[in-house]
Amino acid sequence: MFSPPFYFYVGELGRRLMESFPMNPASDLENTVRAVVAHQTPGKLARGAAILANYRWTQIGRRVFRLLSQRLRPSRTVGDWPEAAGARLRPVSPRVEALARLVVDARVGWIATQDSDLSSGRLVIMGETLDVGRPMCWRELAAEQALSHLLRFQLQYQEFLLGQLAKDGTAAWPLIWEALSSWLVSFPPLATRRTTDAWHPYCISRRIPVWCWLLTLGNPSPELRDRLTQSLASQAEYLSGHLEIELGGNHLLENVAALAMAAGFVDHERAGHWLERAWRVWQCERAEQILAHGEHFERSPMYHCQVAANLLKQSIVVAELDDDIAKEWKQTGLAMVNFVRQIEHPDGEIPLLSDSGWEEAPSLAELQQIADLAESCGESPVIRNKSRSTITHHASSLRSRTVGPYWIARWNTGGRPSMVLVDGGEVGPRHLPAHAHADLSNLEISIAGQRWIVDSGNFQYAAGSMRDYCRSSLAHNVLTVGNSNSCEIWGSFRMGHRGRIVEFRSGSTAGCQWVVVAHDGYRKVGVSRVTRLLGVDEFGSIYVADRVEGKPSRPVVGGVHCHPSVRILFPDSEPASLWKLEQDGCEQWLAFLGATRVARASGWYCPRFGCRERNEAFLYEGSDESGQIIGWILSPMRPEFEEFPTWILEQLGR
């Protein structure tokens with residue numbers, strides 16, 4: 001299937017290594033990234049310097065304090081909360097009940113729950129099948145080191161119970177109450193260490209809403225209902241004193257959401273404190289975490305959807321407690337929905353930028369339904385199944401716009417919607433790069449309703465070759481210098497030296513609409529600036545041209561990652577600079593300009609956590625000249641020219 005391997009160069013040492021040990025063409029990109037990371041991973045001193053230069057002193061101080069507390073008192077338990085004994089569930093409004101049903105119904109199509117069967121002790125999470133026992137052996141699962149940290153966290157979220165309910169209906173209730181009863185027995189506060197995942201603040205934050213939905217829709221025995229309600233109060237009280245302030249970001253807003261949900265569902269003397277605590281933290285975080293154009297500041301569409309959905313749910317649940325707080329959360333949530341609907345693909349899903357994956361956060365259709373419910377005022381709201389969008393996909397003419405640091409162009413191909421999205425923003429906040437990738441000036445393309453040029457997505461959070469691959473520059477549709485990363489990555493969530501965006505502008509010329517993005521991510525290897533122009537003309541042809549300024553000390557290599565469904569029709573062999581591609585009856589020509597050689601490689605496409613598919617990637621190499629322009633054209637017509645049009649050269653300063 002694959003042609004002879006394409007040899008990369010990773011500095012002088014990397015060049016000799018790669019020439020001596022040819023890569024397996026079935027996994028060349030992953031192997032290349034592994035070699036790059038091994039060669040470029042900074043030492044301990046460099047990592048420490050990067051942390052001190054980018055992270056906030058308050059973050060570092062709180063983190064050190066928490067680690068010292070765990071070391072000095074490793075056996076400290078969660079503790080008892082006797083005041084929880086008086087906790088009772090509040091009566092729920094029709095809107096809250098409708099919200100609970102919406103949340104459960106949205107799980108029906110989620111792949112992660114389709115093969116699960118709690119009746120036989122089998123659970124499928126993130127593509128992995130687990131034997132969880134009957135009743136569930138919570139303690140054994142929590143101590144199972146063979147499971148990844150994220151997978152152990154997913155178990156404690158207990159969102160799979162919503163999936164079981166969506167799948168089996170009323171037949172699932174005995175299994176759900178059995179699982180929750182065994183959890184209560186397994187992790188009593190007085191006998192459970194604070195370091196246990198079950199009482200981790202983020203796990204509590206994800207679990208509280210699940211219990212709220214289940215108690216709204218289900219009817220456990222009075223004894224179990226009281227025990228679950230009292231545990232909800234205990235978890236909320238513990239969470240209010242252990243917020244993830246040192247992490248911040250979406251974790252802290254998840255804490256806020258859980259406290260608000262607990263206050264809205266649990267009638268208890270401390271409920272007012274939970275809501276007040278949530279509101280105070282939100283007021284401190286709002287200006288920083290929600291950008292002016294409505295995007296969450298970590299710049300991951302997946303986490304953006306999670307935060308937006310939480311804000312809307314909070315607004316519905318606390319509406320009867322504090323209308324002013326509810327309105328604030330609703331307005332912000334609606335603004336966030338409006339933003340993400342402007343960058344959605346024609347298939348109705350989010351871009352896979354940064355750490356994003358489908359089915360880990362509410363889909364855009366579910367998000368719109370929650371927004372409709374939040375906006376409704378009647379006692380019997382009607383939930384629309386058809387999503388509403390601020391974008392009209394089926395317009396006949398090319399149009400483009402900027403939304404914050406994004407440039408989006410939309411047009412029609414054969415009566416079906418097409419789009420291209422260019423990310424012209426920074427990789428994320430400097431003090432919180434946990435979900436950032438080395439993807440400066442990245443792009444995604446959909447044609448005729450299908451994804452063609454894709455981001456590689458994210459496979460997992462556990463440190464390893466796949467985590468490195470998904471975060472690397474080579475896994476994105478960008479230009480690299482010496483196969484290095486534009487941002488220095490290590491571990492699962494760390495980032496040191498990183499490139500900065502130095503230019504972002506857009507316009508139109510001679511019937512073509514375009515955007516220019518420039519960054520300085522390779523200044524350490526002799527390239528002061530990489531400037532990218534992407535343009536779309538009235539025929540639906542897409543032009544991508546990169547100009548390299550400075551004297552690169554390593555080879556310049558670009559990548560184009562195709563969706564796994566894209567087939568190569570022409571040519572049959574390499575080398576070649578012109579290729580014919582096909583998907584779902586739609587054909588496109590891919591031509592490379594200014595490249596000294598072009599080759600196919602095998603990459604990974606990870607649209608969901610724990611899921612990966614092989615896909616074709618094109619790698620094109622440039623010379624070592626300063627000011628060189630290399631790139632490609634994707635067009636429904638066979639390109640007849642061998643150089644970029646004049647208007648592109650003019651915009652790039654040539």
# chains A, B, ... in the order shown; residues from 1 in each chain; ligands from 1
call {"tool": "residues_around", "arguments": {"residues": "stretch 133-142 of chain A", "least_positions_apart": "5", "cutoff": "8 Å", "atoms": "only C-alpha atoms", "output": "list in words"}}
result
Leu118, Ser119, Ser120, Gly121, Arg122, Arg152, Glu178, Ala179, Ser182, Trp183, Ser186, Phe187, Thr196, Asp197 and Ala198 of chain A
call {"tool": "residues_around", "arguments": {"residues": "A:Arg63", "least_positions_apart": "4", "cutoff": "9 Å", "atoms": "only C-alpha atoms", "output": "compact mmCIF listing (two decimals) with C-alpha atoms, in the first residue's frame"}}
result
# COMPACT_ATOMS: atom_id res chain seq x y z
CA THR A 58 0.99 31.29 42.72
CA GLN A 59 0.57 28.11 40.66
CA LEU A 67 2.58 17.96 47.33
CA LEU A 68 4.15 18.66 50.73
CA GLU A 246 -3.40 25.71 41.35
CA LEU A 247 -4.51 24.13 38.04
call {"tool": "residues_around", "arguments": {"residues": "stretch 432-442 of chain A", "least_positions_apart": "3", "cutoff": "9 Å", "atoms": "only C-alpha atoms", "output": "PDB file with C-alpha atoms, in the first residue's frame"}}
result
ATOM      1  CA  ASN A  54       5.986  30.703  31.940  1.00  0.00           C
ATOM      2  CA  TYR A  55       4.103  29.494  34.982  1.00  0.00           C
ATOM      3  CA  LEU A 247      -4.507  24.128  38.044  1.00  0.00           C
ATOM      4  CA  GLY A 248      -7.122  26.693  37.091  1.00  0.00           C
ATOM      5  CA  GLY A 249      -8.550  26.559  33.585  1.00  0.00           C
ATOM      6  CA  GLU A 298      -7.350  27.083  26.599  1.00  0.00           C
ATOM      7  CA  ARG A 299      -8.406  27.074  22.922  1.00  0.00           C
ATOM      8  CA  SER A 300      -9.549  23.450  22.798  1.00  0.00           C
ATOM      9  CA  LEU A 353      -7.670  21.401  17.366  1.00  0.00           C
ATOM     10  CA  SER A 354      -5.496  21.034  20.478  1.00  0.00           C
ATOM     11  CA  ASP A 355      -6.697  18.331  22.881  1.00  0.00           C
ATOM     12  CA  SER A 356     -10.078  17.657  21.297  1.00  0.00           C
ATOM     13  CA  LEU A 421     -10.509  26.915   8.913  1.00  0.00           C
ATOM     14  CA  VAL A 422      -7.165  28.500   9.782  1.00  0.00           C
ATOM     15  CA  ASP A 423      -6.077  28.872  13.397  1.00  0.00           C
ATOM     16  CA  GLY A 424      -4.138  32.116  13.658  1.00  0.00           C
ATOM     17  CA  GLY A 425      -3.892  32.275  17.437  1.00  0.00           C
ATOM     18  CA  GLU A 426      -1.428  31.344  20.131  1.00  0.00           C
ATOM     19  CA  VAL A 427      -1.330  27.707  21.219  1.00  0.00           C
ATOM     20  CA  GLY A 428      -2.894  28.594  24.569  1.00  0.00           C
ATOM     21  CA  PRO A 429      -2.281  30.538  27.783  1.00  0.00           C
ATOM     22  CA  ASP A 455      -5.983  17.610  12.401  1.00  0.00           C
ATOM     23  CA  CYS A 470      -0.573  14.042  18.564  1.00  0.00           C
ATOM     24  CA  ARG A 471       1.055  17.115  20.131  1.00  0.00           C
ATOM     25  CA  SER A 472       3.908  17.363  17.600  1.00  0.00           C
ATOM     26  CA  SER A 473       4.123  19.779  14.679  1.00  0.00           C
ATOM     27  CA  LEU A 474       4.562  16.852  12.269  1.00  0.00           C
ATOM     28  CA  ALA A 475       1.073  15.608  13.170  1.00  0.00           C
ATOM     29  CA  HIS A 476      -0.468  18.884  11.955  1.00  0.00           C
ATOM     30  CA  ASN A 477      -0.878  20.614   8.621  1.00  0.00           C
ATOM     31  CA  VAL A 478       1.978  23.041   9.180  1.00  0.00           C
ATOM     32  CA  LEU A 479       5.509  23.694   8.012  1.00  0.00           C
ATOM     33  CA  ASN A 485       8.389  21.281  16.972  1.00  0.00           C
ATOM     34  CA  SER A 486       7.401  24.935  16.914  1.00  0.00           C
ATOM     35  CA  CYS A 487       6.731  24.549  20.641  1.00  0.00           C
ATOM     36  CA  GLU A 488       8.892  22.494  22.992  1.00  0.00           C
ATOM     37  CA  ILE A 489       6.831  19.639  24.468  1.00  0.00           C
ATOM     38  CA  SER A 492       1.893  14.614  28.976  1.00  0.00           C
ATOM     39  CA  PHE A 493       1.026  18.260  29.526  1.00  0.00           C
ATOM     40  CA  ARG A 494       4.232  20.293  29.659  1.00  0.00           C
ATOM     41  CA  MET A 495       5.481  22.894  27.236  1.00  0.00           C
ATOM     42  CA  GLY A 496       8.599  25.045  27.416  1.00  0.00           C
ATOM     43  CA  ARG A 498       7.054  28.137  22.308  1.00  0.00           C
ATOM     44  CA  GLY A 499       6.519  30.125  19.181  1.00  0.00           C
ATOM     45  CA  ARG A 500       4.464  33.300  19.097  1.00  0.00           C
ATOM     46  CA  ILE A 501       2.074  34.669  16.510  1.00  0.00           C
ATOM     47  CA  VAL A 517      -0.527  34.160   9.634  1.00  0.00           C
ATOM     48  CA  ALA A 518       3.095  34.361  10.770  1.00  0.00           C
ATOM     49  CA  HIS A 519       4.926  32.929  13.769  1.00  0.00           C
ATOM     50  CA  GLY A 521       8.444  29.178  16.433  1.00  0.00           C
ATOM     51  CA  THR A 531       4.637  33.258   7.138  1.00  0.00           C
ATOM     52  CA  ARG A 532       1.663  31.304   5.833  1.00  0.00           C
TER      53      ARG A 532
END
call {"tool": "select_by_dssp", "arguments": {"residues": "stretch 50-166 of chain A", "states": "alpha helix (DSSP H)", "output": "ChimeraX atom specification"}}
result
/A:50-54,57-72,94-105,111-114,138-142,149-157,160-166
call {"tool": "write_last_selection", "arguments": {"atoms": "C-alpha atoms", "output": "PDB file, in the first residue's frame"}}
result
ATOM      1  CA  ALA A  50      10.751  26.929  31.269  1.00  0.00           C
ATOM      2  CA  ILE A  51       8.401  26.417  34.212  1.00  0.00           C
ATOM      3  CA  LEU A  52       9.769  29.451  36.036  1.00  0.00           C
ATOM      4  CA  ALA A  53       9.567  31.582  32.879  1.00  0.00           C
ATOM      5  CA  ASN A  54       5.986  30.703  31.940  1.00  0.00           C
ATOM      6  CA  TRP A  57       4.375  31.832  41.086  1.00  0.00           C
ATOM      7  CA  THR A  58       0.985  31.289  42.718  1.00  0.00           C
ATOM      8  CA  GLN A  59       0.566  28.109  40.664  1.00  0.00           C
ATOM      9  CA  ILE A  60       3.963  26.810  41.671  1.00  0.00           C
ATOM     10  CA  GLY A  61       3.461  27.730  45.333  1.00  0.00           C
ATOM     11  CA  ARG A  62       0.071  26.039  45.614  1.00  0.00           C
ATOM     12  CA  ARG A  63       1.352  22.960  43.813  1.00  0.00           C
ATOM     13  CA  VAL A  64       4.337  22.671  46.165  1.00  0.00           C
ATOM     14  CA  PHE A  65       2.073  23.143  49.177  1.00  0.00           C
ATOM     15  CA  ARG A  66      -0.274  20.359  48.023  1.00  0.00           C
ATOM     16  CA  LEU A  67       2.583  17.957  47.331  1.00  0.00           C
ATOM     17  CA  LEU A  68       4.146  18.665  50.727  1.00  0.00           C
ATOM     18  CA  SER A  69       0.817  18.099  52.448  1.00  0.00           C
ATOM     19  CA  GLN A  70       0.449  14.738  50.730  1.00  0.00           C
ATOM     20  CA  ARG A  71       4.011  13.738  51.641  1.00  0.00           C
ATOM     21  CA  LEU A  72       3.786  14.834  55.272  1.00  0.00           C
ATOM     22  CA  PRO A  94     -40.068  20.827  34.688  1.00  0.00           C
ATOM     23  CA  ARG A  95     -37.115  22.559  33.021  1.00  0.00           C
ATOM     24  CA  VAL A  96     -34.594  20.761  35.236  1.00  0.00           C
ATOM     25  CA  GLU A  97     -36.288  17.432  34.580  1.00  0.00           C
ATOM     26  CA  ALA A  98     -36.266  18.168  30.832  1.00  0.00           C
ATOM     27  CA  LEU A  99     -32.556  18.968  31.097  1.00  0.00           C
ATOM     28  CA  ALA A 100     -31.865  15.648  32.831  1.00  0.00           C
ATOM     29  CA  ARG A 101     -33.711  13.751  30.087  1.00  0.00           C
ATOM     30  CA  LEU A 102     -31.851  15.678  27.415  1.00  0.00           C
ATOM     31  CA  VAL A 103     -28.481  14.803  28.957  1.00  0.00           C
ATOM     32  CA  VAL A 104     -29.347  11.100  29.095  1.00  0.00           C
ATOM     33  CA  ASP A 105     -30.891  10.951  25.618  1.00  0.00           C
ATOM     34  CA  ILE A 111     -19.822   4.774  20.987  1.00  0.00           C
ATOM     35  CA  ALA A 112     -18.121   4.480  24.373  1.00  0.00           C
ATOM     36  CA  THR A 113     -21.240   2.917  25.954  1.00  0.00           C
ATOM     37  CA  GLN A 114     -22.640   0.743  23.195  1.00  0.00           C
ATOM     38  CA  TRP A 138     -14.529  -0.181  42.943  1.00  0.00           C
ATOM     39  CA  ARG A 139     -11.533  -0.525  45.242  1.00  0.00           C
ATOM     40  CA  GLU A 140      -9.759  -3.037  43.012  1.00  0.00           C
ATOM     41  CA  LEU A 141     -10.330  -0.851  39.956  1.00  0.00           C
ATOM     42  CA  ALA A 142      -9.033   2.240  41.770  1.00  0.00           C
ATOM     43  CA  HIS A 149      -4.739   7.626  35.020  1.00  0.00           C
ATOM     44  CA  LEU A 150      -7.387   9.055  32.682  1.00  0.00           C
ATOM     45  CA  LEU A 151      -9.226   5.727  32.558  1.00  0.00           C
ATOM     46  CA  ARG A 152      -9.294   5.482  36.355  1.00  0.00           C
ATOM     47  CA  PHE A 153     -10.645   9.027  36.453  1.00  0.00           C
ATOM     48  CA  GLN A 154     -13.300   8.144  33.860  1.00  0.00           C
ATOM     49  CA  LEU A 155     -14.511   5.336  36.112  1.00  0.00           C
ATOM     50  CA  GLN A 156     -14.922   7.780  38.992  1.00  0.00           C
ATOM     51  CA  TYR A 157     -16.852  10.256  36.830  1.00  0.00           C
ATOM     52  CA  PHE A 160     -21.047   5.480  31.942  1.00  0.00           C
ATOM     53  CA  LEU A 161     -24.136   5.065  34.151  1.00  0.00           C
ATOM     54  CA  LEU A 162     -25.937   7.659  32.021  1.00  0.00           C
ATOM     55  CA  GLY A 163     -24.912   5.650  28.966  1.00  0.00           C
ATOM     56  CA  GLN A 164     -26.296   2.473  30.506  1.00  0.00           C
ATOM     57  CA  LEU A 165     -29.592   4.252  31.185  1.00  0.00           C
ATOM     58  CA  ALA A 166     -29.736   5.641  27.651  1.00  0.00           C
TER      59      ALA A 166
END
call {"tool": "atom_distance", "arguments": {"atom1": "atom CA of A:Glu128", "atom2": "atom CA of A:Ser231"}}
result
29.3 Å
call {"tool": "closest_atom_pairs", "arguments": {"of": "stretch 475-590 of chain A", "to": "stretch 625-634 of chain A", "cutoff": "7 Å", "atoms": "only C-alpha atoms", "output": "JSON lines"}}
result
{"residue": "A:Ser541", "atom": "CA", "partner": "A:Leu634", "partner_atom": "CA", "distance": 5.8}
{"residue": "A:Ile542", "atom": "CA", "partner": "A:Leu634", "partner_atom": "CA", "distance": 5.1}
{"residue": "A:Tyr543", "atom": "CA", "partner": "A:Ile633", "partner_atom": "CA", "distance": 4.6}
{"residue": "A:Val544", "atom": "CA", "partner": "A:Trp632", "partner_atom": "CA", "distance": 5.4}
{"residue": "A:Ala545", "atom": "CA", "partner": "A:Gly631", "partner_atom": "CA", "distance": 4.4}
{"residue": "A:Asp546", "atom": "CA", "partner": "A:Ile629", "partner_atom": "CA", "distance": 5.4}
{"residue": "A:Arg547", "atom": "CA", "partner": "A:Ile629", "partner_atom": "CA", "distance": 4.4}
{"residue": "A:Val548", "atom": "CA", "partner": "A:Gly627", "partner_atom": "CA", "distance": 5.1}
{"residue": "A:Glu549", "atom": "CA", "partner": "A:Gly627", "partner_atom": "CA", "distance": 4.9}
{"residue": "A:Gly550", "atom": "CA", "partner": "A:Ser626", "partner_atom": "CA", "distance": 5.0}
{"residue": "A:Lys551", "atom": "CA", "partner": "A:Ser626", "partner_atom": "CA", "distance": 5.1}
{"residue": "A:Gln588", "atom": "CA", "partner": "A:Leu634", "partner_atom": "CA", "distance": 6.5}
{"residue": "A:Trp589", "atom": "CA", "partner": "A:Leu634", "partner_atom": "CA", "distance": 5.6}
{"residue": "A:Leu590", "atom": "CA", "partner": "A:Leu634", "partner_atom": "CA", "distance": 4.6}
call {"tool": "atom_distance", "arguments": {"atom1": "atom CA of A:Glu223", "atom2": "atom CA of A:Arg88"}}
result
12.0 Å
call {"tool": "atom_distance", "arguments": {"atom1": "atom CA of A:Arg90", "atom2": "atom CA of A:Ala233"}}
result
12.4 Å
call {"tool": "residues_around", "arguments": {"residues": "stretch 293-296 of chain A", "least_positions_apart": "3", "cutoff": "9 Å", "atoms": "only C-alpha atoms", "output": "PyMOL selection string"}}
result
chain A and resi 249-250+288-290+299-301+303-305+307-308+332-340+403-405
call {"tool": "write_last_selection", "arguments": {"atoms": "C-alpha atoms", "output": "PDB file, in the first residue's frame"}}
result
ATOM      1  CA  GLY A 249      -8.550  26.559  33.585  1.00  0.00           C
ATOM      2  CA  ASN A 250     -11.370  24.186  32.757  1.00  0.00           C
ATOM      3  CA  GLU A 288      -9.428  35.694  31.918  1.00  0.00           C
ATOM      4  CA  GLN A 289     -10.961  32.387  30.910  1.00  0.00           C
ATOM      5  CA  ILE A 290     -13.655  33.628  28.504  1.00  0.00           C
ATOM      6  CA  ARG A 299      -8.406  27.074  22.922  1.00  0.00           C
ATOM      7  CA  SER A 300      -9.549  23.450  22.798  1.00  0.00           C
ATOM      8  CA  PRO A 301     -12.973  23.163  21.088  1.00  0.00           C
ATOM      9  CA  TYR A 303     -13.182  21.782  26.514  1.00  0.00           C
ATOM     10  CA  HIS A 304     -14.889  24.886  25.183  1.00  0.00           C
ATOM     11  CA  CYS A 305     -18.070  22.835  24.638  1.00  0.00           C
ATOM     12  CA  VAL A 307     -17.482  24.768  29.761  1.00  0.00           C
ATOM     13  CA  ALA A 308     -20.312  26.248  27.665  1.00  0.00           C
ATOM     14  CA  THR A 332     -21.911  33.759  28.854  1.00  0.00           C
ATOM     15  CA  GLY A 333     -22.899  30.233  27.874  1.00  0.00           C
ATOM     16  CA  LEU A 334     -24.957  31.480  24.919  1.00  0.00           C
ATOM     17  CA  ALA A 335     -22.038  33.615  23.719  1.00  0.00           C
ATOM     18  CA  MET A 336     -19.790  30.548  23.848  1.00  0.00           C
ATOM     19  CA  VAL A 337     -22.330  28.522  21.862  1.00  0.00           C
ATOM     20  CA  ASN A 338     -22.462  31.278  19.256  1.00  0.00           C
ATOM     21  CA  PHE A 339     -18.680  31.167  18.896  1.00  0.00           C
ATOM     22  CA  VAL A 340     -18.346  27.412  18.468  1.00  0.00           C
ATOM     23  CA  VAL A 403     -13.785  35.072  14.534  1.00  0.00           C
ATOM     24  CA  GLY A 404     -11.176  36.042  17.075  1.00  0.00           C
ATOM     25  CA  PRO A 405      -7.923  34.455  15.840  1.00  0.00           C
TER      26      PRO A 405
END
call {"tool": "residues_around", "arguments": {"residues": "stretch 315-331 of chain A", "least_positions_apart": "6", "cutoff": "8 Å", "atoms": "only C-alpha atoms", "output": "list in words"}}
result
Arg95, Val96, Ala260, Met261, Ala263, Gly264, Phe265, Trp279 and Ala374 of chain A
call {"tool": "residues_around", "arguments": {"residues": "A:Glu360", "least_positions_apart": "2", "cutoff": "9 Å", "atoms": "only C-alpha atoms", "output": "PDB file with N, CA and C atoms, in the first residue's frame"}}
result
ATOM      1  N   MET A 302     -13.099  21.057  22.324  1.00  0.00           N
ATOM      2  CA  MET A 302     -13.767  20.087  23.181  1.00  0.00           C
ATOM      3  C   MET A 302     -14.019  20.663  24.568  1.00  0.00           C
ATOM      4  N   TYR A 303     -12.992  21.212  25.187  1.00  0.00           N
ATOM      5  CA  TYR A 303     -13.182  21.782  26.514  1.00  0.00           C
ATOM      6  C   TYR A 303     -14.054  23.036  26.457  1.00  0.00           C
ATOM      7  N   GLN A 306     -17.506  21.788  26.747  1.00  0.00           N
ATOM      8  CA  GLN A 306     -17.777  21.340  28.117  1.00  0.00           C
ATOM      9  C   GLN A 306     -18.076  22.529  29.017  1.00  0.00           C
ATOM     10  N   SER A 356      -8.647  17.763  21.563  1.00  0.00           N
ATOM     11  CA  SER A 356     -10.078  17.657  21.297  1.00  0.00           C
ATOM     12  C   SER A 356     -10.401  16.270  20.789  1.00  0.00           C
ATOM     13  N   GLY A 357     -11.585  15.826  21.102  1.00  0.00           N
ATOM     14  CA  GLY A 357     -12.089  14.555  20.602  1.00  0.00           C
ATOM     15  C   GLY A 357     -13.601  14.560  20.704  1.00  0.00           C
ATOM     16  N   TRP A 358     -14.244  13.834  19.843  1.00  0.00           N
ATOM     17  CA  TRP A 358     -15.699  13.748  19.883  1.00  0.00           C
ATOM     18  C   TRP A 358     -16.142  12.829  21.005  1.00  0.00           C
ATOM     19  N   PRO A 362     -20.267  17.535  25.329  1.00  0.00           N
ATOM     20  CA  PRO A 362     -21.517  17.602  24.570  1.00  0.00           C
ATOM     21  C   PRO A 362     -21.264  17.952  23.101  1.00  0.00           C
ATOM     22  N   SER A 363     -21.955  17.258  22.215  1.00  0.00           N
ATOM     23  CA  SER A 363     -21.858  17.570  20.792  1.00  0.00           C
ATOM     24  C   SER A 363     -22.487  18.933  20.532  1.00  0.00           C
ATOM     25  N   ARG A 608     -11.495  10.358  18.379  1.00  0.00           N
ATOM     26  CA  ARG A 608     -12.019  10.085  19.710  1.00  0.00           C
ATOM     27  C   ARG A 608     -10.885   9.583  20.597  1.00  0.00           C
ATOM     28  N   PHE A 609     -10.987   9.835  21.878  1.00  0.00           N
ATOM     29  CA  PHE A 609      -9.984   9.335  22.809  1.00  0.00           C
ATOM     30  C   PHE A 609      -9.977   7.809  22.750  1.00  0.00           C
TER      31      PHE A 609
END
call {"tool": "residues_around", "arguments": {"residues": "A:Arg227", "least_positions_apart": "6", "cutoff": "9 Å", "atoms": "only C-alpha atoms", "output": "PyMOL selection string"}}
result
chain A and resi 85+181+184
call {"tool": "select_by_dssp", "arguments": {"residues": "stretch 241-331 of chain A", "states": "strand (DSSP E or B)", "output": "PyMOL selection string"}}
result
chain A and resi 266-267+290+296
call {"tool": "decode", "arguments": {"residues": "stretch 494-511 of chain A", "atoms": "N, CA and C atoms", "output": "mmCIF file, in the first residue's frame"}}
result
data_model
loop_
_atom_site.group_PDB
_atom_site.id
_atom_site.type_symbol
_atom_site.label_atom_id
_atom_site.label_comp_id
_atom_site.auth_asym_id
_atom_site.auth_seq_id
_atom_site.Cartn_x
_atom_site.Cartn_y
_atom_site.Cartn_z
ATOM 1 N N ARG A 494 3.274 19.205 29.461
ATOM 2 C CA ARG A 494 4.232 20.293 29.659
ATOM 3 C C ARG A 494 4.641 20.917 28.332
ATOM 4 N N MET A 495 5.003 22.175 28.412
ATOM 5 C CA MET A 495 5.481 22.894 27.236
ATOM 6 C C MET A 495 6.442 23.982 27.705
ATOM 7 N N GLY A 496 7.601 24.046 27.055
ATOM 8 C CA GLY A 496 8.599 25.045 27.416
ATOM 9 C C GLY A 496 8.635 26.176 26.404
ATOM 10 N N HIS A 497 9.770 26.310 25.708
ATOM 11 C CA HIS A 497 9.881 27.327 24.653
ATOM 12 C C HIS A 497 8.757 27.145 23.650
ATOM 13 N N ARG A 498 8.138 28.235 23.272
ATOM 14 C CA ARG A 498 7.054 28.137 22.308
ATOM 15 C C ARG A 498 7.059 29.325 21.368
ATOM 16 N N GLY A 499 6.607 29.060 20.156
ATOM 17 C CA GLY A 499 6.519 30.125 19.181
ATOM 18 C C GLY A 499 5.389 31.092 19.500
ATOM 19 N N ARG A 500 5.480 32.272 18.896
ATOM 20 C CA ARG A 500 4.464 33.300 19.097
ATOM 21 C C ARG A 500 3.927 33.760 17.751
ATOM 22 N N ILE A 501 2.666 34.103 17.721
ATOM 23 C CA ILE A 501 2.074 34.669 16.510
ATOM 24 C C ILE A 501 2.523 36.122 16.391
ATOM 25 N N VAL A 502 3.083 36.471 15.238
ATOM 26 C CA VAL A 502 3.594 37.831 15.042
ATOM 27 C C VAL A 502 2.797 38.595 13.986
ATOM 28 N N GLU A 503 1.896 37.913 13.277
ATOM 29 C CA GLU A 503 1.069 38.609 12.286
ATOM 30 C C GLU A 503 -0.193 37.798 12.024
ATOM 31 N N PHE A 504 -1.306 38.507 11.881
ATOM 32 C CA PHE A 504 -2.577 37.884 11.514
ATOM 33 C C PHE A 504 -3.415 38.944 10.799
ATOM 34 N N ARG A 505 -3.646 38.733 9.517
ATOM 35 C CA ARG A 505 -4.431 39.680 8.730
ATOM 36 C C ARG A 505 -5.137 38.926 7.607
ATOM 37 N N SER A 506 -6.199 39.529 7.091
ATOM 38 C CA SER A 506 -6.967 38.891 6.023
ATOM 39 C C SER A 506 -7.449 39.941 5.043
ATOM 40 N N GLY A 507 -7.870 39.465 3.868
ATOM 41 C CA GLY A 507 -8.354 40.384 2.845
ATOM 42 C C GLY A 507 -8.832 39.622 1.625
ATOM 43 N N SER A 508 -9.007 40.340 0.520
ATOM 44 C CA SER A 508 -9.426 39.717 -0.741
ATOM 45 C C SER A 508 -8.685 40.387 -1.887
ATOM 46 N N THR A 509 -8.372 39.608 -2.913
ATOM 47 C CA THR A 509 -7.643 40.090 -4.084
ATOM 48 C C THR A 509 -8.122 39.329 -5.305
ATOM 49 N N ALA A 510 -8.577 40.039 -6.308
ATOM 50 C CA ALA A 510 -8.921 39.437 -7.607
ATOM 51 C C ALA A 510 -9.830 38.222 -7.471
ATOM 52 N N GLY A 511 -10.887 38.371 -6.681
ATOM 53 C CA GLY A 511 -11.832 37.279 -6.531
ATOM 54 C C GLY A 511 -11.407 36.206 -5.557
#
